[in-house]
Amino acid sequence: MKKSISFILLLFSFLSLQAQEKPWMLGPFHRPEGAMPIIAPQTTTSFVDPMTGKRVAWESMATFNPAAIAREGSVYVLYRAEEKLGEKEIGGHTSRIGLATSADGFVFEREPEPIFFPKEDNQKEFEWTGGTEDPRIVETADGLYVLTYTQWNRDVPRLAVATSKDLRNWEKHGPIFKEWKDGKYHNSESKSGAIVTELKDGKLTAAKIDGKYWMYYGVPHIWLATSEDLIHWQPVENHEGNRVPVLSPRPGYFDSWLVEAGPPPVLTKDGIVVLYNAGNSQQVGVKTLGNRVYAGGQALFSATEPWKLIDRTETPFIQPTLDFEKSGQYPEGTTFLEGLVYFEGKWLLYYGTADSMVGVVSN
């Protein structure tokens with residue numbers, strides 16, 4: 001009986017990724033055979049924290065929510081790592097960003113120290129003590145890496161930007177809305193910045209539409225922002241001067257609680273494909289999915305009017321089914337999408353599991 005149940009669960013896991021609901025979707029994505037976390041917490045690495053002067057086990061609590069980029073024949077994953085501070089509670093630790101490298105996109109070697117973290121710089125008021133969280137990354141045509149991430153000072157989470165030429169040395173540019181209209185949105189919660197990309201010569205690069213870069217961002221709704229240089233951003237507002245949600249939760253569906261921007265969207269022949277994270281409210285959503293479960297959806301927006309929603313999936317194309325996707329800091333389960341690369345002719349999608357580890361699926 002146990003073997004039969006295990007087989008059924010495995011089959012359900014495969015089929016839940018196999019389905020391609022709409023022809024414009026990216027994928028279909030599949031878990032590797034015998035899927036296991038590709039990055040998990042470890043206690044053997046440490047570094048001297050510049051904020052305290054103490055040596056800390058910076059990735060001993062959790063390693064999750066990864067950005068990804070293909071570079072010089074390898075896949076680089078930038079992952080959020082937490083050391084434990086105080087009680088085991090979400091948001092109660094310090095986050096830093098680590099770097100892992102792979103020749104095939106599945107087996108990774110990790111650097112012993114974080115490559116991005118709070119320090120004595122002009123951003124410490126926004127980053128200490130909560131840290132630097134949930135990165136997304138894109139590359140420009142001239143090889144500049146642009147990182148969006150959340151600054152968490154345990155007061156207000158703020159979306160921020162940093163740039164690098166080598167993925168190790170970073171220039172922080174600060175909260176993206178600090179200067180916009182005298183800081184109109186500076187003290188409002190903002191996070192999850194996904195900059196639109198396009199596939200050129202087999203490589204994803206930041207895309208311009210109508211002479212501007214575009215970014216989908218936010219939670220529990222997804223909003224839009226534009227930029228001419230990928231550093232200074234302006235929220236898309238309506239004639240009344242208010243932000244306009246371009247994607248919102250839907251009662252009766254897997255995204256009934258919240259929606260949150262995932263990895264950098266891709267401009268395709270059909271339009272802009274946005275992979276997004278979806279939270280379910282069991283009371284008004286999908287009863288069988290569970291409460292507060294994070295699954296993945298896809299939405300299609302116009303290639304010329306990025307605010308115009310054309311189509312949207314009615315069921316998740318990925319959801320927590322394996323043990324490591326439903327254990328850890330967030331036992332309800334998450335497949336939290338943040339990293340997408342096109343590598344050696346296939347899509348690789350990297351995601352956080354239960355706020356604790358990193359997984360990967362591919363097409």
# chains A, B, ... in the order shown; residues from 1 in each chain; ligands from 1
call {"tool": "closest_atom_pairs", "arguments": {"of": "range 238-335 of chain A", "to": "range 90-109 of chain A", "cutoff": "12 Å", "atoms": "only C-alpha atoms", "output": "CSV"}}
result
residue,atom,partner,partner_atom,distance
A:Gly328,CA,A:Ile90,CA,10.5
A:Gln329,CA,A:Ile90,CA,6.8
A:Tyr330,CA,A:Ile90,CA,8.0
A:Pro331,CA,A:Ile90,CA,11.4
call {"tool": "residues_around", "arguments": {"residues": "Phe117 in chain A", "least_positions_apart": "2", "cutoff": "7 Å", "atoms": "only C-alpha atoms", "output": "NGL selection string"}}
result
:A and (96-97 or 114-115 or 119 or 131-132)
call {"tool": "residues_around", "arguments": {"residues": "range 262-269 of chain A", "least_positions_apart": "6", "cutoff": "7 Å", "atoms": "only C-alpha atoms", "output": "VMD selection string"}}
result
chain A and resid 136 194 to 198 275 to 277 303 337 to 340
call {"tool": "residues_around", "arguments": {"residues": "Thr129 in chain A", "least_positions_apart": "2", "cutoff": "8 Å", "atoms": "only C-alpha atoms", "output": "compact mmCIF listing (two decimals) with all heavy atoms, in the first residue's frame"}}
result
# COMPACT_ATOMS: atom_id res chain seq x y z
N THR A 94 19.01 37.36 10.03
CA THR A 94 19.73 38.26 9.14
C THR A 94 19.99 37.55 7.82
O THR A 94 20.51 36.44 7.80
CB THR A 94 21.07 38.71 9.75
OG1 THR A 94 20.81 39.43 10.96
CG2 THR A 94 21.83 39.61 8.79
N PRO A 118 24.70 43.36 4.36
CA PRO A 118 24.77 44.65 5.03
C PRO A 118 26.19 44.93 5.53
O PRO A 118 26.88 44.03 6.02
CB PRO A 118 23.81 44.49 6.22
CG PRO A 118 22.95 43.33 5.89
CD PRO A 118 23.80 42.42 5.06
N GLU A 127 19.25 48.25 5.58
CA GLU A 127 19.58 46.82 5.48
C GLU A 127 19.89 46.15 6.82
O GLU A 127 19.96 44.91 6.86
CB GLU A 127 20.76 46.63 4.53
CG GLU A 127 20.46 47.07 3.11
CD GLU A 127 21.63 46.93 2.15
OE1 GLU A 127 22.74 46.56 2.61
OE2 GLU A 127 21.46 47.18 0.96
N GLY A 131 18.73 42.54 6.82
CA GLY A 131 19.62 42.08 5.77
C GLY A 131 19.16 42.36 4.36
O GLY A 131 18.30 43.20 4.09
N TRP A 152 15.87 45.00 4.22
CA TRP A 152 15.00 44.75 5.36
C TRP A 152 15.67 45.25 6.65
O TRP A 152 16.61 44.64 7.14
CB TRP A 152 14.66 43.27 5.46
CG TRP A 152 13.87 42.82 6.64
CD1 TRP A 152 14.15 41.76 7.47
CD2 TRP A 152 12.64 43.39 7.15
NE1 TRP A 152 13.18 41.62 8.44
CE2 TRP A 152 12.25 42.62 8.26
CE3 TRP A 152 11.86 44.48 6.75
CZ2 TRP A 152 11.09 42.90 8.99
CZ3 TRP A 152 10.72 44.76 7.49
CH2 TRP A 152 10.34 43.98 8.58
N ASN A 153 15.17 46.36 7.16
CA ASN A 153 15.71 46.93 8.40
C ASN A 153 14.80 46.66 9.59
O ASN A 153 14.91 47.32 10.63
CB ASN A 153 15.95 48.43 8.23
CG ASN A 153 14.67 49.20 7.90
OD1 ASN A 153 13.58 48.62 7.84
ND2 ASN A 153 14.80 50.50 7.68
N ARG A 154 13.89 45.72 9.42
CA ARG A 154 12.90 45.34 10.44
C ARG A 154 11.88 46.45 10.69
O ARG A 154 11.18 46.44 11.71
CB ARG A 154 13.56 44.92 11.75
CG ARG A 154 14.51 43.75 11.59
CD ARG A 154 14.91 43.16 12.94
NE ARG A 154 16.02 42.25 12.79
CZ ARG A 154 15.92 41.00 12.38
NH1 ARG A 154 14.72 40.52 12.08
NH2 ARG A 154 16.98 40.24 12.28
call {"tool": "atom_distance", "arguments": {"atom1": "CA of Ile222 in chain A", "atom2": "CA of Val274 in chain A"}}
result
10.5 Å
call {"tool": "closest_residue", "arguments": {"among": "A:Ser164, A:Thr315, A:Gln151, A:Gln234", "to": "Lys124 in chain A", "atoms": "only C-alpha atoms"}}
result
A:Gln151
call {"tool": "select_by_dssp", "arguments": {"residues": "range 49-170 of chain A", "states": "alpha helix (DSSP H)", "output": "compact mmCIF listing (two decimals) with N, CA, C and O atoms, in the first residue's frame"}}
result
# COMPACT_ATOMS: atom_id res chain seq x y z
N LYS A 124 23.19 51.02 5.10
CA LYS A 124 23.01 50.23 6.31
C LYS A 124 21.72 50.58 7.05
O LYS A 124 21.12 49.72 7.70
N GLU A 125 21.23 51.83 6.93
CA GLU A 125 19.98 52.20 7.61
C GLU A 125 18.79 51.44 7.06
O GLU A 125 17.78 51.26 7.74
N PHE A 126 18.91 50.96 5.82
CA PHE A 126 17.82 50.22 5.20
C PHE A 126 18.02 48.71 5.28
O PHE A 126 17.07 47.96 5.08
N GLU A 127 19.25 48.25 5.58
CA GLU A 127 19.58 46.82 5.48
C GLU A 127 19.89 46.15 6.82
O GLU A 127 19.96 44.91 6.86
call {"tool": "residues_around", "arguments": {"residues": "Gly252 in chain A", "least_positions_apart": "5", "cutoff": "8 Å", "atoms": "only C-alpha atoms", "output": "short mmCIF file (atom, residue, chain, number, x, y, z; two decimals) with C-alpha atoms, in the first residue's frame"}}
result
data_model
loop_
_atom_site.label_atom_id
_atom_site.label_comp_id
_atom_site.auth_asym_id
_atom_site.auth_seq_id
_atom_site.Cartn_x
_atom_site.Cartn_y
_atom_site.Cartn_z
CA VAL A 284 -11.85 31.60 -0.93
CA GLY A 285 -9.35 29.79 -3.16
CA VAL A 286 -8.58 26.16 -3.93
#
call {"tool": "closest_residue", "arguments": {"among": "A:Val146, A:Ser248, A:Thr334, A:Leu348", "to": "Phe64 in chain A", "atoms": "only C-alpha atoms"}}
result
A:Thr334
call {"tool": "residues_around", "arguments": {"residues": "Tyr350 in chain A", "least_positions_apart": "6", "cutoff": "12 Å", "atoms": "only C-alpha atoms", "output": "number ranges by chain"}}
result
A: 29-31, 37-39, 64-69, 75-79, 105-106, 135-136, 262-264, 275, 296, 318, 335-342, 357-362
call {"tool": "write_last_selection", "arguments": {"atoms": "N, CA and C atoms", "output": "CSV table (one decimal), in the first residue's frame"}}
result
chain,number,residue,atom,x,y,z
A,29,PHE,N,7.8,22.4,-17.6
A,29,PHE,CA,9.0,22.2,-16.7
A,29,PHE,C,8.8,20.8,-16.0
A,30,HIS,N,9.9,20.2,-15.7
A,30,HIS,CA,10.0,18.9,-15.1
A,30,HIS,C,11.0,18.9,-13.9
A,31,ARG,N,10.7,18.2,-12.9
A,31,ARG,CA,11.6,18.0,-11.8
A,31,ARG,C,12.7,16.9,-12.3
A,37,PRO,N,17.1,19.0,-3.0
A,37,PRO,CA,17.5,20.4,-3.0
A,37,PRO,C,18.9,20.5,-3.6
A,38,ILE,N,19.1,21.5,-4.4
A,38,ILE,CA,20.5,21.8,-5.0
A,38,ILE,C,21.3,22.6,-4.1
A,39,ILE,N,20.7,23.4,-3.2
A,39,ILE,CA,21.4,24.2,-2.2
A,39,ILE,C,20.6,24.0,-0.8
A,64,PHE,N,17.7,29.9,0.4
A,64,PHE,CA,16.5,29.8,-0.4
A,64,PHE,C,16.4,31.1,-1.3
A,65,ASN,N,15.2,31.1,-2.0
A,65,ASN,CA,14.8,32.3,-2.9
A,65,ASN,C,16.0,32.8,-3.8
A,66,PRO,N,16.3,32.0,-4.8
A,66,PRO,CA,17.5,32.3,-5.6
A,66,PRO,C,17.3,33.1,-6.9
A,67,ALA,N,18.2,34.0,-7.2
A,67,ALA,CA,18.3,34.5,-8.6
A,67,ALA,C,19.3,33.7,-9.4
A,68,ALA,N,19.3,33.8,-10.7
A,68,ALA,CA,20.1,33.0,-11.5
A,68,ALA,C,20.5,33.7,-12.8
A,69,ILE,N,21.7,33.4,-13.3
A,69,ILE,CA,22.2,34.1,-14.5
A,69,ILE,C,23.2,33.1,-15.2
A,75,VAL,N,26.2,28.3,-14.9
A,75,VAL,CA,25.1,29.0,-14.3
A,75,VAL,C,25.5,29.4,-12.9
A,76,TYR,N,25.2,30.7,-12.6
A,76,TYR,CA,25.5,31.3,-11.3
A,76,TYR,C,24.1,31.5,-10.6
A,77,VAL,N,24.1,31.0,-9.4
A,77,VAL,CA,22.9,31.2,-8.6
A,77,VAL,C,23.2,32.1,-7.4
A,78,LEU,N,22.5,33.2,-7.2
A,78,LEU,CA,22.7,34.0,-6.1
A,78,LEU,C,21.5,33.7,-5.1
A,79,TYR,N,21.8,33.2,-4.0
A,79,TYR,CA,20.7,32.7,-3.1
A,79,TYR,C,20.7,33.5,-1.8
A,105,GLY,N,24.1,23.3,-14.4
A,105,GLY,CA,22.8,23.9,-13.9
A,105,GLY,C,22.1,23.1,-12.8
A,106,PHE,N,22.7,22.0,-12.4
A,106,PHE,CA,22.1,21.1,-11.4
A,106,PHE,C,23.0,20.8,-10.2
A,135,PRO,N,16.8,38.1,-4.1
A,135,PRO,CA,17.4,38.8,-5.3
A,135,PRO,C,16.7,38.3,-6.6
A,136,ARG,N,16.7,39.2,-7.6
A,136,ARG,CA,16.5,38.8,-9.0
A,136,ARG,C,17.6,39.5,-9.8
A,262,GLY,N,7.8,37.0,-10.0
A,262,GLY,CA,8.8,35.9,-9.9
A,262,GLY,C,10.1,36.3,-10.5
A,263,PRO,N,10.7,35.4,-11.4
A,263,PRO,CA,11.9,35.7,-12.0
A,263,PRO,C,11.7,36.8,-13.1
A,264,PRO,N,12.8,37.3,-13.7
A,264,PRO,CA,12.7,38.3,-14.8
A,264,PRO,C,11.8,37.7,-15.9
A,275,LEU,N,6.2,34.9,-15.1
A,275,LEU,CA,6.1,33.8,-14.1
A,275,LEU,C,5.9,34.5,-12.7
A,296,GLY,N,3.1,28.4,-8.4
A,296,GLY,CA,3.6,29.2,-9.5
A,296,GLY,C,2.5,29.3,-10.6
A,318,ILE,N,3.4,24.8,-11.3
A,318,ILE,CA,4.3,24.2,-10.3
A,318,ILE,C,3.7,24.4,-8.9
A,335,THR,N,6.9,26.7,-3.6
A,335,THR,CA,7.8,26.7,-4.8
A,335,THR,C,7.9,28.1,-5.2
A,336,PHE,N,8.8,28.9,-4.6
A,336,PHE,CA,8.9,30.3,-4.8
A,336,PHE,C,9.9,30.7,-5.9
A,337,LEU,N,9.4,31.1,-7.0
A,337,LEU,CA,10.2,31.3,-8.2
A,337,LEU,C,10.9,32.6,-8.2
A,338,GLU,N,12.2,32.6,-8.5
A,338,GLU,CA,13.0,33.8,-8.6
A,338,GLU,C,14.1,33.8,-9.7
A,339,GLY,N,14.6,32.6,-10.1
A,339,GLY,CA,15.7,32.5,-11.0
A,339,GLY,C,15.3,31.8,-12.3
A,340,LEU,N,15.6,32.4,-13.4
A,340,LEU,CA,15.3,31.7,-14.7
A,340,LEU,C,16.5,32.0,-15.7
A,341,VAL,N,17.0,30.9,-16.3
A,341,VAL,CA,18.0,31.1,-17.3
A,341,VAL,C,17.7,30.2,-18.5
A,342,TYR,N,18.3,30.6,-19.6
A,342,TYR,CA,18.2,29.7,-20.8
A,342,TYR,C,19.7,29.2,-21.0
A,357,MET,N,15.4,26.0,1.4
A,357,MET,CA,16.3,25.4,0.5
A,357,MET,C,16.0,25.8,-0.9
A,358,VAL,N,16.8,25.4,-1.9
A,358,VAL,CA,16.7,25.8,-3.3
A,358,VAL,C,16.5,24.5,-4.1
A,359,GLY,N,15.5,24.6,-5.0
A,359,GLY,CA,15.2,23.5,-6.0
A,359,GLY,C,15.3,24.0,-7.4
A,360,VAL,N,15.3,23.1,-8.4
A,360,VAL,CA,15.3,23.5,-9.8
A,360,VAL,C,14.4,22.5,-10.6
A,361,VAL,N,13.8,23.1,-11.6
A,361,VAL,CA,13.1,22.3,-12.7
A,361,VAL,C,13.6,22.8,-14.0
A,362,SER,N,13.4,22.0,-15.0
A,362,SER,CA,13.8,22.3,-16.4
A,362,SER,C,12.8,21.8,-17.4
call {"tool": "closest_residue", "arguments": {"among": "A:Gln123, A:Thr140, A:Ser227, A:Ser302", "to": "Glu171 in chain A", "atoms": "only C-alpha atoms"}}
result
A:Gln123
call {"tool": "closest_residue", "arguments": {"among": "A:Glu189, A:Asp201, A:Glu59, A:Glu314", "to": "Pro249 in chain A", "atoms": "only C-alpha atoms"}}
result
A:Glu314
call {"tool": "closest_residue", "arguments": {"among": "A:Asp182, A:Gly143, A:Tyr253, A:Phe177", "to": "Thr163 in chain A", "atoms": "only C-alpha atoms"}}
result
A:Gly143
